[in-house]
$ cat model-v2.cif   # mmCIF, C-alpha atoms
data_start
loop_
_atom_site.group_PDB
_atom_site.id
_atom_site.type_symbol
_atom_site.label_atom_id
_atom_site.label_comp_id
_atom_site.auth_asym_id
_atom_site.auth_seq_id
_atom_site.Cartn_x
_atom_site.Cartn_y
_atom_site.Cartn_z
ATOM 1 C CA MET J 347 30.153 -76.777 38.067
ATOM 2 C CA SER J 348 31.899 -74.745 40.707
ATOM 3 C CA ASN J 349 32.353 -75.985 44.229
ATOM 4 C CA ILE J 350 32.895 -73.410 46.956
ATOM 5 C CA LEU J 351 34.281 -76.095 49.279
ATOM 6 C CA PHE J 352 37.542 -76.084 47.315
ATOM 7 C CA VAL J 353 38.291 -72.430 48.087
ATOM 8 C CA ALA J 354 39.462 -72.818 51.698
ATOM 9 C CA PRO J 355 41.837 -75.759 51.066
ATOM 10 C CA ALA J 356 43.231 -73.956 48.010
ATOM 11 C CA ALA J 357 43.926 -70.854 50.086
ATOM 12 C CA VAL J 358 45.604 -72.855 52.860
ATOM 13 C CA LEU J 359 47.742 -74.831 50.402
ATOM 14 C CA GLY J 360 48.678 -71.621 48.614
ATOM 15 C CA LYS J 361 49.811 -70.059 51.880
ATOM 16 C CA LEU J 362 51.826 -73.166 52.805
ATOM 17 C CA ALA J 363 53.400 -73.178 49.350
ATOM 18 C CA TRP J 364 54.418 -69.531 49.702
ATOM 19 C CA VAL J 365 55.915 -70.105 53.149
ATOM 20 C CA SER J 366 57.830 -73.143 51.917
ATOM 21 C CA LEU J 367 59.189 -71.277 48.895
ATOM 22 C CA ARG J 368 60.188 -68.300 51.027
ATOM 23 C CA THR J 369 61.885 -70.576 53.554
ATOM 24 C CA GLY J 370 63.700 -72.411 50.773
ATOM 25 C CA GLY J 371 65.066 -69.123 49.534
ATOM 26 C CA ASP J 372 66.239 -68.214 53.031
ATOM 27 C CA TRP J 373 68.216 -71.450 53.375
ATOM 28 C CA THR J 374 70.456 -70.429 50.475
ATOM 29 C CA ARG J 375 71.905 -67.678 52.677
ATOM 30 C CA TYR J 376 73.431 -70.358 54.899
ATOM 31 C CA ARG J 377 74.485 -72.578 51.984
ATOM 32 C CA GLN J 378 72.142 -75.352 53.099
ATOM 33 C CA TRP J 379 71.353 -76.525 49.594
ATOM 34 C CA ASP J 380 69.602 -79.748 50.621
ATOM 35 C CA ALA J 381 67.161 -77.836 52.828
ATOM 36 C CA ALA J 382 66.663 -75.224 50.116
ATOM 37 C CA ALA J 383 65.930 -77.876 47.484
ATOM 38 C CA THR J 384 63.541 -79.704 49.804
ATOM 39 C CA ASN J 385 61.591 -76.558 50.647
ATOM 40 C CA LEU J 386 61.423 -75.487 47.011
ATOM 41 C CA ALA J 387 60.157 -78.924 45.970
ATOM 42 C CA ILE J 388 57.528 -78.935 48.706
ATOM 43 C CA GLY J 389 56.481 -75.428 47.682
ATOM 44 C CA ALA J 390 56.132 -76.487 44.058
ATOM 45 C CA VAL J 391 53.976 -79.494 44.926
ATOM 46 C CA LEU J 392 51.744 -77.538 47.306
ATOM 47 C CA GLY J 393 51.459 -74.711 44.785
ATOM 48 C CA GLY J 394 50.347 -77.149 42.110
ATOM 49 C CA MET J 395 47.763 -78.650 44.424
ATOM 50 C CA ALA J 396 46.488 -75.180 45.352
ATOM 51 C CA ALA J 397 46.201 -74.206 41.698
ATOM 52 C CA ARG J 398 44.273 -77.379 40.878
ATOM 53 C CA LEU J 399 41.824 -76.840 43.735
ATOM 54 C CA ALA J 400 41.388 -73.189 42.801
ATOM 55 C CA ALA J 401 40.625 -74.216 39.228
ATOM 56 C CA LYS J 402 37.956 -76.618 40.485
ATOM 57 C CA ALA J 403 36.437 -73.863 42.629
ATOM 58 C CA LEU J 404 35.961 -71.519 39.671
ATOM 59 C CA PRO J 405 32.669 -71.590 37.800
ATOM 60 C CA ALA J 406 32.658 -73.660 34.644
ATOM 61 C CA LYS J 407 32.630 -71.853 31.299
ATOM 62 C CA THR J 408 29.716 -72.870 29.128
#

$ encode --input "model-v2.cif" --output "structure tokens"
Amino acid sequence: MSNILFVAPAAVLGKLAWVSLRTGGDWTRYRQWDAAATNLAIGAVLGGMAARLAAKALPAKT
């Protein structure tokens, strides 16, 4: 069963994941590899959470 309440948190987490991934990529310009790795890891975790919530928000296949 789909739940529309999962859509907004999924969208917010997706946006945060994108910003974190983009920021992680920008840190490589300054050779700040620890900051880049941290931002990429955070982006991956938030992206996974967003994908899971989006999957719960979709209607179930019967």

$ resolve_selection --input "model-v2.cif" --expression "the PyMOL selection byres ((chain J and resi 363) around 10)" --output "list in words"
Ala357, Val358, Leu359, Gly360, Lys361, Leu362, Trp364, Val365, Ser366, Leu367, Arg368, Thr369, Asn385, Leu386, Ala387, Ile388, Gly389, Ala390, Val391, Leu392, Gly393, Gly394, Met395 and Ala396 of chain J

$ closest_residue --input "model-v2.cif" --among "J:Ala400, J:Ala382, J:Gly371, J:Tyr376" --to "Ala354 of chain J" --atoms "all atoms listed in the file"
J:Ala400

$ atom_distance --input "model-v2.cif" --atom1 "atom CA of Ala403 of chain J" --atom2 "atom CA of Pro355 of chain J"
10.2 Å

$ atom_distance --input "model-v2.cif" --atom1 "atom CA of Ala356 of chain J" --atom2 "atom CA of Leu399 of chain J"
5.3 Å

$ atom_distance --input "model-v2.cif" --atom1 "atom CA of Ala406 of chain J" --atom2 "atom CA of Ile350 of chain J"
12.3 Å

$ closest_residue --input "model-v2.cif" --among "J:Leu404, J:Val353, J:Ala383, J:Ala397" --to "Gly370 of chain J" --atoms "only C-alpha atoms"
J:Ala383

$ closest_residue --input "model-v2.cif" --among "J:Thr384, J:Asp372, J:Phe352, J:Arg377" --to "Pro405 of chain J" --atoms "only C-alpha atoms"
J:Phe352
